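Take a look at the structure below.
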Amino acid sequence: KFTVLSALHIISTTIFLNIIPSDIGSFLNIDFHVSKLDAALFAGALAGGSTALSFLCHGSGGGIDIISAYFSTVKHQSIGFTNTIINGFILILGGVLFEDWGAMLYALVYAVINAMVLDMIYVRNKRMVLNIITTNGEEVSKYIMNTFHRGVTKLDSIGEYTHTHKDFLYVVATSYEAHEMCQ
């Protein structure tokens, strides 16, 4: 599913790049040929939004995004931050090898804006606390621990209105996991 959705994203991006007119800057009243900084900002925001949408659909933008997604899951950092570190290293290496520092700086602006927009839209590693009150605490705890590999704190509680026993489960999870747990 991940591979198919990633391929679909890459194909649709290619189609949209051919559909969007090359003089889109005139529509926005910006001359991208004169202002490379404006071009880097606009392209970074557009690409970051596109990549975030692909991640929200359980795909990716391909390339470095896949590596960034893996490391962000392992290190519990945002994909944008990890993406910026990897791309920054590659861009600095390119600046040293090709000695084109101007192009490297514009590409770095693109990468940072891309990462910022990606992190604003796709908040997978944002932590949240789930308070779950249930009569099936043992089953729910096992499901969370086995499926999501998250610790669960279970407290005995009594519903004040009905005076019946309830299990109060306390879980710290990412927003992405929390959405999956509640389904």
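As shown in the structure tokens, the chain order sets the letters A, B, ...; within each chain, residues go from 1, and ligands are also counted from 1 in the order they appear.
Excluding region 81-91 of chain A and any residue on its chain fewer than 3 positions from it, the residues at most 9 Å away by only C-alpha atoms are A:Ile64, A:Asp65, A:Ile67, A:Ser68, A:Ala69, A:Phe71, A:Ser72, A:Gln77, A:Ser78, A:Gly94, A:Gly95, A:Val96, A:Met104, A:Leu105, A:Ala107, A:Leu108, A:Ala111, A:Val112, A:Asn114, A:Ala115, A:Met116, A:Asp119.
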Keeping only all heavy atoms, write the selected residues as a compact mmCIF listing (two decimals), in the first residue's frame.
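Printed below is result_28.txt as written:
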# COMPACT_ATOMS: atom_id res chain seq x y z
N ILE A 64 14.38 10.91 -0.17
CA ILE A 64 14.82 11.25 1.18
C ILE A 64 13.65 11.19 2.16
O ILE A 64 13.84 10.90 3.35
CB ILE A 64 15.46 12.66 1.20
CG1 ILE A 64 16.72 12.70 0.33
CG2 ILE A 64 15.79 13.11 2.61
CD1 ILE A 64 17.83 11.80 0.80
N ASP A 65 12.43 11.44 1.70
CA ASP A 65 11.26 11.42 2.59
C ASP A 65 11.08 10.06 3.25
O ASP A 65 10.68 9.98 4.41
CB ASP A 65 9.99 11.78 1.82
CG ASP A 65 10.03 13.19 1.28
OD1 ASP A 65 10.74 14.02 1.87
OD2 ASP A 65 9.36 13.45 0.28
N ILE A 67 13.48 7.87 3.96
CA ILE A 67 14.53 7.75 4.97
C ILE A 67 14.19 8.61 6.18
O ILE A 67 14.33 8.19 7.33
CB ILE A 67 15.90 8.14 4.37
CG1 ILE A 67 16.27 7.18 3.24
CG2 ILE A 67 16.99 8.16 5.44
CD1 ILE A 67 17.43 7.64 2.39
N SER A 68 13.71 9.83 5.93
CA SER A 68 13.34 10.74 7.03
C SER A 68 12.20 10.18 7.85
O SER A 68 12.19 10.30 9.08
CB SER A 68 12.95 12.11 6.46
OG SER A 68 14.02 12.69 5.80
N ALA A 69 11.22 9.57 7.20
CA ALA A 69 10.09 8.98 7.92
C ALA A 69 10.56 7.85 8.82
O ALA A 69 10.11 7.73 9.96
CB ALA A 69 9.04 8.48 6.93
N PHE A 71 13.67 7.40 10.13
CA PHE A 71 14.45 7.93 11.26
C PHE A 71 13.60 8.74 12.23
O PHE A 71 13.85 8.74 13.43
CB PHE A 71 15.63 8.77 10.76
CG PHE A 71 16.80 7.94 10.33
CD1 PHE A 71 17.19 7.91 9.01
CD2 PHE A 71 17.49 7.16 11.24
CE1 PHE A 71 18.26 7.14 8.60
CE2 PHE A 71 18.57 6.38 10.85
CZ PHE A 71 18.95 6.37 9.52
N SER A 72 12.58 9.42 11.72
CA SER A 72 11.72 10.18 12.64
C SER A 72 10.91 9.24 13.53
O SER A 72 10.63 9.56 14.68
CB SER A 72 10.79 11.10 11.87
OG SER A 72 9.77 10.38 11.23
N GLN A 77 11.38 12.19 16.25
CA GLN A 77 11.52 13.58 15.87
C GLN A 77 10.63 13.83 14.66
O GLN A 77 10.18 12.89 14.01
CB GLN A 77 12.96 13.91 15.53
CG GLN A 77 13.89 13.83 16.71
CD GLN A 77 15.34 14.09 16.31
OE1 GLN A 77 15.69 14.03 15.15
NE2 GLN A 77 16.16 14.38 17.30
N SER A 78 10.42 15.08 14.37
CA SER A 78 9.58 15.40 13.22
C SER A 78 10.26 14.98 11.92
O SER A 78 11.49 14.98 11.82
CB SER A 78 9.27 16.89 13.20
OG SER A 78 10.42 17.62 12.83
N GLY A 94 27.33 19.35 -1.71
CA GLY A 94 27.24 19.83 -3.10
C GLY A 94 27.87 21.20 -3.26
O GLY A 94 28.53 21.48 -4.27
N GLY A 95 27.69 22.07 -2.27
CA GLY A 95 28.32 23.39 -2.32
C GLY A 95 29.83 23.30 -2.32
O GLY A 95 30.52 24.04 -3.04
N VAL A 96 30.37 22.38 -1.53
CA VAL A 96 31.83 22.18 -1.48
C VAL A 96 32.33 21.60 -2.79
O VAL A 96 33.34 22.07 -3.36
CB VAL A 96 32.21 21.27 -0.29
CG1 VAL A 96 33.66 20.84 -0.37
CG2 VAL A 96 31.93 21.95 1.03
N MET A 104 23.31 26.68 -3.61
CA MET A 104 23.19 25.86 -2.40
C MET A 104 22.35 26.58 -1.35
O MET A 104 21.51 25.97 -0.68
CB MET A 104 24.58 25.54 -1.85
CG MET A 104 24.61 24.56 -0.68
SD MET A 104 24.46 25.26 0.96
CE MET A 104 25.76 26.43 1.04
N LEU A 105 22.54 27.88 -1.20
CA LEU A 105 21.77 28.62 -0.20
C LEU A 105 20.29 28.70 -0.56
O LEU A 105 19.42 28.57 0.31
CB LEU A 105 22.37 30.02 -0.01
CG LEU A 105 23.71 30.05 0.72
CD1 LEU A 105 24.29 31.46 0.72
CD2 LEU A 105 23.57 29.53 2.14
N ALA A 107 18.70 26.49 -2.36
CA ALA A 107 18.20 25.13 -2.15
C ALA A 107 18.00 24.85 -0.66
O ALA A 107 17.05 24.16 -0.27
CB ALA A 107 19.16 24.12 -2.76
N LEU A 108 18.85 25.42 0.17
CA LEU A 108 18.71 25.26 1.63
C LEU A 108 17.45 25.98 2.13
O LEU A 108 16.72 25.45 2.97
CB LEU A 108 19.95 25.78 2.34
CG LEU A 108 20.16 25.34 3.76
CD1 LEU A 108 20.16 23.82 3.88
CD2 LEU A 108 21.47 25.90 4.30
N ALA A 111 14.61 23.76 1.24
CA ALA A 111 14.53 22.59 2.13
C ALA A 111 13.95 22.96 3.49
O ALA A 111 13.15 22.21 4.05
CB ALA A 111 15.91 21.96 2.29
N VAL A 112 14.34 24.11 4.03
CA VAL A 112 13.83 24.52 5.35
C VAL A 112 12.34 24.86 5.27
O VAL A 112 11.56 24.44 6.14
CB VAL A 112 14.66 25.71 5.89
CG1 VAL A 112 14.00 26.33 7.11
CG2 VAL A 112 16.07 25.26 6.22
N ASN A 114 10.20 23.76 3.04
CA ASN A 114 9.56 22.47 2.79
C ASN A 114 9.34 21.75 4.12
O ASN A 114 8.24 21.25 4.39
CB ASN A 114 10.45 21.65 1.85
CG ASN A 114 9.87 20.32 1.48
OD1 ASN A 114 9.10 19.72 2.22
ND2 ASN A 114 10.26 19.83 0.32
N ALA A 115 10.37 21.70 4.95
CA ALA A 115 10.27 21.00 6.24
C ALA A 115 9.28 21.68 7.18
O ALA A 115 8.52 21.01 7.89
CB ALA A 115 11.65 20.93 6.89
N MET A 116 9.28 23.01 7.20
CA MET A 116 8.36 23.73 8.09
C MET A 116 6.90 23.46 7.72
O MET A 116 6.06 23.20 8.59
CB MET A 116 8.66 25.23 8.05
CG MET A 116 9.97 25.60 8.72
SD MET A 116 10.45 27.32 8.47
CE MET A 116 9.11 28.20 9.22
N ASP A 119 5.96 19.84 8.58
CA ASP A 119 5.71 19.65 10.02
C ASP A 119 4.45 20.35 10.50
O ASP A 119 3.84 19.92 11.48
CB ASP A 119 6.91 20.12 10.83
CG ASP A 119 8.06 19.14 10.79
OD1 ASP A 119 7.83 17.97 10.41
OD2 ASP A 119 9.19 19.53 11.13
Residues near region 173-179 of chain A, anyone? I mean within 12 Å using only C-alpha atoms, not counting same-chain ones fewer than 2 positions away, as a VMD selection string.
chain A and resid 55 to 58 72 to 73 76 to 78 122 to 132 144 to 145 147 to 152 170 to 171 181 to 183
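Compared by their closest atoms to Ala39 (chain A), and using only C-alpha atoms, the residues A:Met120, A:Phe168, A:Ala103, A:Ile92 rank with A:Ala103 nearest.
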Pull the strand (DSSP E or B) assignments for chain A out of DSSP run on the backbone, and list those residues as an NGL selection string.
:A and (127-134 or 153-158 or 165-174)
Excluding same-chain residues fewer than 6 positions from Gly61 (chain A), what lies within 12 Å of it counting only C-alpha atoms, as a list of chain:residue names?
A:Phe2, A:Thr3, A:Val4, A:Leu5, A:Ser6, A:Ala7, A:Leu8, A:His9, A:Ile10, A:Ile11, A:Ser12, A:Thr13, A:Thr14, A:Ala47, A:Gly48, A:Gly49, A:Ser50, A:Thr51, A:Ala52, A:Leu53, A:Ser54, A:Phe55, A:Ile67, A:Ser68, A:Ala69, A:Ile79, A:Asn83, A:Asn114, A:Leu118
Picked from region 28-119 of chain A by DSSP as alpha helix (DSSP H), as an MDAnalysis selection string:
chainID A and resid 36:56 64:75 79:98 101:119
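Residue nearest Gly80 (chain A), chosen from A:Val34, A:Gly159, A:Val117, A:Ala43 and counting only C-alpha atoms: A:Val117.
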